[in-house]
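Let me begin by presenting the structure, written as structure tokens, before commenting on it.
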Amino acid sequence: MMAANVQMKYRISKSTGFQGLVIALACACVVPLVFILIYILKAGITKINWHFITNLPKPVGEAGGGIANALLGSMIIIAIASVIAVPFGILCGIFLSENKKSKLAYWARLCVDILQGVPSIVIGIVAYFWLVKPLGGFSALSGSAALAVMMLPIIIRSTEETLLLLPDTLREAAYALGIPFHRVILKVIIPCGISGILSGVMLAVARIAGETAPLLFTAFGNPYLSTNILKPMQSLPLLIFNYATSPYNDWHDLAWGASCILLIWVLLLNIFTKLITRKWKVQL
């Protein structure tokens with residue numbers, strides 16, 4: 001009896017020790033993130049005001065200036081990338097979920113996994129030779145196409161995994177009522193998994209929001225306010241990269257403020273995605 005009690009205490013202490021180790025390692029992973037957040041917020045939050053958001057950058061040597069061109073450019077580039085990637089990604093995810101064991105689905109899934117591991121700078125170089133050179137110059141459209149390629153694997157995989165979680169009884173009940181396949185997908189399957197699909201889209205947007213390498217080869221940047229998608233266009237990541245590597249203190253201040261805005265934007269997107277995912281899991 002005493003030996004059993006000793007063994008039980010040993011197991012409890014061992015379990016408590018491993019639990020403490022896991023908590024310590026989790027905290028160690030969070031500490032760098034907290035320091036980065038605090039440092040960027042401390043350095044950038046004081047630079048943000050209404051003038052900073054609504055004005056264009058000033059020439060070198062002039063105080064003040066803002067990032068209105070980068071904010072508008074980022075919104076336009078990401079919006080166009082989403083228009084390109086979201087429909088195609090959702091359709092591909094639906095195909096993979098409905099044809100789990102076909103050879104085409106196997107190879108398509110393999111290609112998606114490989115594409116997800118391709119470095120962003122490689123995608124930027126490919127977009128440069130496929131789009132920028134044939135079009136005769138840098139453009140926001142080329143940048144959006146490069147970012148759309150980066151969005152596709154996330155949207156496809158999230159859509160597929162979401163639809164695979166839905167019970168087969170939904171499809172069987174719809175087919176039993178004589179509903180054709182396309183209406184089953186549009187009226188039953190997609191509405192039931194819309195929260196999970198939307199969370200994948202938000203994750204993809206958050207993924208490309210801070211990408212710089214593809215835009216260096218495609219959108220290139222523009223110091224002026226531009227809405228022409230066939231011309232070079234500024235974006236927040238490009239502005240941060242160019243201004244942070246410059247020797248001018250005023251531009252460094254703009255880079256810190258832009259970094260803070262970009263950080264808040266990505267954090268809000270991730271928080272929104274978590275809320276959607278949690279709500280969808282509760283409904284399931």
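In the structure tokens, chains take letters A, B, ... by order of appearance, with residues numbered from 1 within each chain and ligands from 1 in the order shown.
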Please return as a tab-separated table (two decimals) with N, CA and C atoms, in the first residue's frame: the residues of segment 37-79 of chain A that backbone DSSP assigns to helix (DSSP H, G or I).
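The resulting file, result_32.tsv, is shown below:
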chain	number	residue	atom	x	y	z
A	37	LEU	N	6.09	44.01	-29.63
A	37	LEU	CA	4.89	44.83	-29.62
A	37	LEU	C	5.10	46.11	-28.82
A	38	ILE	N	5.66	45.97	-27.64
A	38	ILE	CA	5.87	47.14	-26.78
A	38	ILE	C	6.84	48.12	-27.44
A	39	TYR	N	7.92	47.61	-28.04
A	39	TYR	CA	8.92	48.48	-28.65
A	39	TYR	C	8.34	49.25	-29.84
A	40	ILE	N	7.60	48.55	-30.71
A	40	ILE	CA	7.03	49.22	-31.87
A	40	ILE	C	5.95	50.21	-31.46
A	41	LEU	N	5.10	49.83	-30.52
A	41	LEU	CA	4.05	50.75	-30.06
A	41	LEU	C	4.67	51.98	-29.39
A	42	LYS	N	5.71	51.78	-28.60
A	42	LYS	CA	6.36	52.89	-27.92
A	42	LYS	C	7.01	53.85	-28.92
A	43	ALA	N	7.62	53.29	-29.96
A	43	ALA	CA	8.33	54.12	-30.93
A	43	ALA	C	7.39	54.74	-31.96
A	44	GLY	N	6.26	54.09	-32.25
A	44	GLY	CA	5.42	54.56	-33.35
A	44	GLY	C	4.13	55.25	-32.97
A	45	ILE	N	3.60	54.96	-31.78
A	45	ILE	CA	2.28	55.50	-31.43
A	45	ILE	C	2.30	57.02	-31.31
A	46	THR	N	3.43	57.59	-30.92
A	46	THR	CA	3.52	59.05	-30.76
A	46	THR	C	3.58	59.76	-32.10
A	47	LYS	N	3.89	59.03	-33.18
A	47	LYS	CA	3.99	59.65	-34.51
A	47	LYS	C	2.65	59.69	-35.22
A	50	TRP	N	-3.82	62.75	-37.08
A	50	TRP	CA	-4.65	62.92	-38.27
A	50	TRP	C	-3.83	63.42	-39.46
A	51	HIS	N	-2.90	64.32	-39.20
A	51	HIS	CA	-2.02	64.82	-40.27
A	51	HIS	C	-1.17	63.70	-40.83
A	52	PHE	N	-0.71	62.80	-40.00
A	52	PHE	CA	0.12	61.68	-40.42
A	52	PHE	C	-0.65	60.75	-41.35
A	53	ILE	N	-1.94	60.57	-41.11
A	53	ILE	CA	-2.74	59.62	-41.88
A	53	ILE	C	-3.24	60.22	-43.20
A	54	THR	N	-3.48	61.53	-43.24
A	54	THR	CA	-4.16	62.14	-44.38
A	54	THR	C	-3.25	62.92	-45.31
A	68	ALA	N	-0.45	58.88	-46.45
A	68	ALA	CA	-1.75	58.67	-47.09
A	68	ALA	C	-1.61	57.83	-48.36
A	69	ASN	N	-0.55	58.07	-49.13
A	69	ASN	CA	-0.37	57.30	-50.37
A	69	ASN	C	-0.13	55.82	-50.08
A	70	ALA	N	0.61	55.52	-49.01
A	70	ALA	CA	0.88	54.11	-48.66
A	70	ALA	C	-0.37	53.42	-48.13
A	71	LEU	N	-1.15	54.14	-47.33
A	71	LEU	CA	-2.39	53.55	-46.80
A	71	LEU	C	-3.36	53.22	-47.93
A	72	LEU	N	-3.58	54.18	-48.82
A	72	LEU	CA	-4.50	53.94	-49.93
A	72	LEU	C	-3.96	52.86	-50.86
A	73	GLY	N	-2.65	52.90	-51.12
A	73	GLY	CA	-2.07	51.88	-52.00
A	73	GLY	C	-2.19	50.48	-51.44
A	74	SER	N	-1.93	50.33	-50.14
A	74	SER	CA	-2.07	49.00	-49.52
A	74	SER	C	-3.50	48.49	-49.62
A	75	MET	N	-4.46	49.36	-49.37
A	75	MET	CA	-5.87	48.94	-49.46
A	75	MET	C	-6.23	48.50	-50.87
A	76	ILE	N	-5.77	49.26	-51.88
A	76	ILE	CA	-6.10	48.92	-53.27
A	76	ILE	C	-5.43	47.61	-53.68
A	77	ILE	N	-4.14	47.47	-53.37
A	77	ILE	CA	-3.41	46.27	-53.76
A	77	ILE	C	-3.98	45.03	-53.10
A	78	ILE	N	-4.28	45.11	-51.80
A	78	ILE	CA	-4.83	43.96	-51.09
A	78	ILE	C	-6.24	43.64	-51.57
A	79	ALA	N	-7.03	44.68	-51.87
A	79	ALA	CA	-8.40	44.45	-52.36
A	79	ALA	C	-8.38	43.73	-53.70
### Query
For Leu104 of chain A, which residue among A:Cys92, A:Ala244, A:Val184, A:Val201 is the nearest when counting only C-alpha atoms?
A:Cys92
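Closest approach to Lys231 of chain A from the set A:Gly66, A:Gly124, A:Pro59, A:Gly137 is made by A:Gly137, with distances taken over only C-alpha atoms.
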### Query
Restricting the calculation to only C-alpha atoms, which member of A:Ile94, A:Ile271, A:Leu203, A:Val83 is positioned closest to Ala145 of chain A?
A:Val83
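When only C-alpha atoms are used to measure the gap to Ala204 of chain A, the shortest distance among A:Leu110, A:Ala105, A:Leu147, A:Val122 belongs to A:Leu147.
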### Task
Rank nothing, just name the residue among A:Leu236, A:Ile90, A:Ala219, A:Leu268 nearest to Thr162 of chain A, using only C-alpha atoms.
A:Ile90
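Taking atom CA of Val188 of chain A and atom CA of Ile276 of chain A as the two end points, the separation is 19.1 Å.
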### Message
Can you pull out the residues contacting Phe220 of chain A? Cut-off 9 Å, using only C-alpha atoms, and skip same-chain residues under 2 positions away; I want them as a ChimeraX atom specification.
### Response
/A:138-140,143,215-218,222,232-235,238
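Between atom CA of Ala26 of chain A and atom CA of Arg157 of chain A the separation is 26.6 Å.
Counting only C-alpha atoms and comparing A:Pro237, A:Gly89, A:Gly117, A:Gly17, the residue that lies closest to Ala258 of chain A is A:Pro237.
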His182 of chain A environment, 12 Å, only C-alpha atoms, sequence neighbours closer than 6 positions dropped, as a PDB file with N, CA and C atoms, in the first residue's frame:
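Final file, out-v3.pdb:
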ATOM      1  N   LEU A  91     -13.199  27.941 -54.762  1.00  0.00           N
ATOM      2  CA  LEU A  91     -13.616  26.916 -55.719  1.00  0.00           C
ATOM      3  C   LEU A  91     -12.666  25.724 -55.695  1.00  0.00           C
ATOM      4  N   ILE A  94     -13.327  23.720 -52.559  1.00  0.00           N
ATOM      5  CA  ILE A  94     -14.554  22.924 -52.703  1.00  0.00           C
ATOM      6  C   ILE A  94     -14.274  21.664 -53.516  1.00  0.00           C
ATOM      7  N   PHE A  95     -13.513  21.832 -54.601  1.00  0.00           N
ATOM      8  CA  PHE A  95     -13.176  20.670 -55.432  1.00  0.00           C
ATOM      9  C   PHE A  95     -12.399  19.622 -54.633  1.00  0.00           C
ATOM     10  N   GLU A  98     -14.676  17.780 -52.161  1.00  0.00           N
ATOM     11  CA  GLU A  98     -15.685  16.915 -52.765  1.00  0.00           C
ATOM     12  C   GLU A  98     -15.073  15.742 -53.528  1.00  0.00           C
ATOM     13  N   ARG A 171     -25.196  16.769 -47.022  1.00  0.00           N
ATOM     14  CA  ARG A 171     -25.251  16.497 -48.449  1.00  0.00           C
ATOM     15  C   ARG A 171     -26.320  15.455 -48.770  1.00  0.00           C
ATOM     16  N   ALA A 174     -29.794  16.877 -48.669  1.00  0.00           N
ATOM     17  CA  ALA A 174     -30.073  17.746 -49.817  1.00  0.00           C
ATOM     18  C   ALA A 174     -30.270  16.923 -51.086  1.00  0.00           C
ATOM     19  N   TYR A 175     -29.412  15.902 -51.291  1.00  0.00           N
ATOM     20  CA  TYR A 175     -29.577  15.053 -52.467  1.00  0.00           C
ATOM     21  C   TYR A 175     -30.894  14.271 -52.417  1.00  0.00           C
ATOM     22  N   VAL A 188     -26.232  24.954 -49.419  1.00  0.00           N
ATOM     23  CA  VAL A 188     -26.131  24.142 -48.200  1.00  0.00           C
ATOM     24  C   VAL A 188     -24.700  24.131 -47.658  1.00  0.00           C
ATOM     25  N   ILE A 189     -23.758  23.705 -48.478  1.00  0.00           N
ATOM     26  CA  ILE A 189     -22.392  23.469 -48.000  1.00  0.00           C
ATOM     27  C   ILE A 189     -21.685  24.780 -47.654  1.00  0.00           C
ATOM     28  N   ILE A 190     -21.660  25.721 -48.592  1.00  0.00           N
ATOM     29  CA  ILE A 190     -20.948  26.982 -48.350  1.00  0.00           C
ATOM     30  C   ILE A 190     -21.571  27.781 -47.206  1.00  0.00           C
TER      31      ILE A 190
END
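Neighbouring residues of Val60 of chain A at 12 Å or closer, counting only C-alpha atoms and skipping chain neighbours under 4 positions away, are Gly64, Gly65, Pro223, Tyr243, Ser246, Pro247, Tyr248, Asn249, Asp250, Trp251, His252 and Leu254 of chain A.
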